[in-house]
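Q: The structure's right below; bear with me while I get my questions together.
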Amino acid sequence: GAAGLAKAAAGLGKADGNVMMRRWAMCDSCRHAEKFAGIVQTCGICRCMLRAKIRLADESCPIGRW
């Protein structure tokens, strides 16, 4: 939610770059990803903004993909 967005914006608890890239690839290929103009925007299950969620080390996928 809002706390996660604030942490991502401040760069707190940031995941490793390789972790972020793997997460993004998994979300991009997920059938639950909601895209706009072909770009992943939100998760259709948890409704999180994925660009922020993948950046936080303590976040996880709601269906266990990462």
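We name chains A, B, ... following the order of the structure tokens; residues begin at 1 in each chain, and ligands are numbered from 1 as shown.
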Using DSSP on the backbone coordinates, identify all residues within chain A classified as helix (DSSP H, G or I); present the result as a ChimeraX atom specification.
A: /A:2-10,17-28,50-53
Q: Report as a compact mmCIF listing (two decimals) with N, CA and C atoms, in the first residue's frame all protein, DNA and RNA residues lying within 12 Å of Pro62 (chain A), evaluated on only C-alpha atoms, omitting residues in the same chain fewer than 2 positions from it.
A:
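Result written to around_4.txt:
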# COMPACT_ATOMS: atom_id res chain seq x y z
N CYS A 27 6.63 -11.05 -13.59
CA CYS A 27 5.37 -10.30 -13.63
C CYS A 27 4.95 -10.03 -15.07
N CYS A 30 3.16 -12.96 -16.46
CA CYS A 30 2.06 -13.49 -15.65
C CYS A 30 0.69 -13.12 -16.25
N HIS A 32 -1.93 -12.59 -14.67
CA HIS A 32 -2.63 -11.67 -13.78
C HIS A 32 -2.14 -10.23 -13.91
N ALA A 33 -1.05 -10.03 -14.64
CA ALA A 33 -0.50 -8.68 -14.80
C ALA A 33 -1.46 -7.83 -15.63
N CYS A 43 -0.65 -5.50 -10.44
CA CYS A 43 -0.98 -6.91 -10.25
C CYS A 43 -2.50 -7.01 -10.14
N GLY A 44 -3.09 -7.89 -10.91
CA GLY A 44 -4.54 -8.08 -10.88
C GLY A 44 -5.04 -8.76 -9.63
N ILE A 45 -4.14 -9.32 -8.84
CA ILE A 45 -4.54 -10.02 -7.61
C ILE A 45 -4.43 -9.08 -6.41
N CYS A 46 -3.25 -8.54 -6.15
CA CYS A 46 -3.06 -7.70 -4.96
C CYS A 46 -3.27 -6.22 -5.25
N ARG A 47 -3.34 -5.85 -6.54
CA ARG A 47 -3.56 -4.47 -6.98
C ARG A 47 -2.37 -3.54 -6.75
N CYS A 48 -1.22 -4.10 -6.43
CA CYS A 48 -0.02 -3.29 -6.20
C CYS A 48 0.51 -2.73 -7.50
N LEU A 50 3.38 -2.52 -9.70
CA LEU A 50 4.51 -3.44 -9.78
C LEU A 50 5.86 -2.77 -9.87
N LYS A 53 6.60 -2.37 -6.25
CA LYS A 53 6.64 -3.62 -5.48
C LYS A 53 7.90 -4.44 -5.76
N GLU A 59 9.01 -7.55 -0.12
CA GLU A 59 7.74 -7.83 -0.80
C GLU A 59 7.78 -9.22 -1.43
N SER A 60 6.59 -9.74 -1.76
CA SER A 60 6.52 -11.04 -2.42
C SER A 60 5.30 -11.08 -3.32
N GLY A 64 3.03 -16.57 -5.16
CA GLY A 64 4.27 -17.30 -4.91
C GLY A 64 5.24 -17.44 -6.06
N ARG A 65 5.12 -16.62 -7.08
CA ARG A 65 6.05 -16.71 -8.20
C ARG A 65 7.44 -16.19 -7.84
N TRP A 66 7.50 -15.24 -6.92
CA TRP A 66 8.78 -14.70 -6.44
C TRP A 66 8.66 -14.27 -5.00
Q: How would you write, as JSON, numbers by chain, the set of residues in chain A that DSSP gives as strand (DSSP E)?
A: {"A": [33, 34, 35, 36, 39, 40, 41, 42, 43]}
Q: Residues at most 9 Å from region 23-26 of chain A, counting only C-alpha atoms, excluding those fewer than 2 positions away in the same chain, as a PDB file with C-alpha atoms, in the first residue's frame?
A:
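The resulting out-v7.pdb:
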ATOM      1  CA  ASN A  18      19.223  -8.798 -10.413  1.00  0.00           C
ATOM      2  CA  VAL A  19      16.304  -9.630  -8.128  1.00  0.00           C
ATOM      3  CA  MET A  20      14.310  -6.719  -9.549  1.00  0.00           C
ATOM      4  CA  MET A  21      14.989  -7.842 -13.124  1.00  0.00           C
ATOM      5  CA  ASP A  28       5.590  -9.405 -17.313  1.00  0.00           C
ATOM      6  CA  SER A  29       4.789 -12.998 -18.283  1.00  0.00           C
ATOM      7  CA  CYS A  30       2.058 -13.488 -15.653  1.00  0.00           C
ATOM      8  CA  VAL A  40       3.028  -4.092 -16.881  1.00  0.00           C
ATOM      9  CA  LEU A  50       4.505  -3.441  -9.776  1.00  0.00           C
ATOM     10  CA  ARG A  51       7.239  -0.923 -10.548  1.00  0.00           C
ATOM     11  CA  ILE A  54       9.481  -5.365  -7.342  1.00  0.00           C
ATOM     12  CA  ARG A  55      11.973  -2.866  -5.868  1.00  0.00           C
ATOM     13  CA  CYS A  61       4.207 -12.218  -5.169  1.00  0.00           C
ATOM     14  CA  ARG A  65       6.051 -16.712  -8.203  1.00  0.00           C
ATOM     15  CA  TRP A  66       8.779 -14.703  -6.439  1.00  0.00           C
TER      16      TRP A  66
END
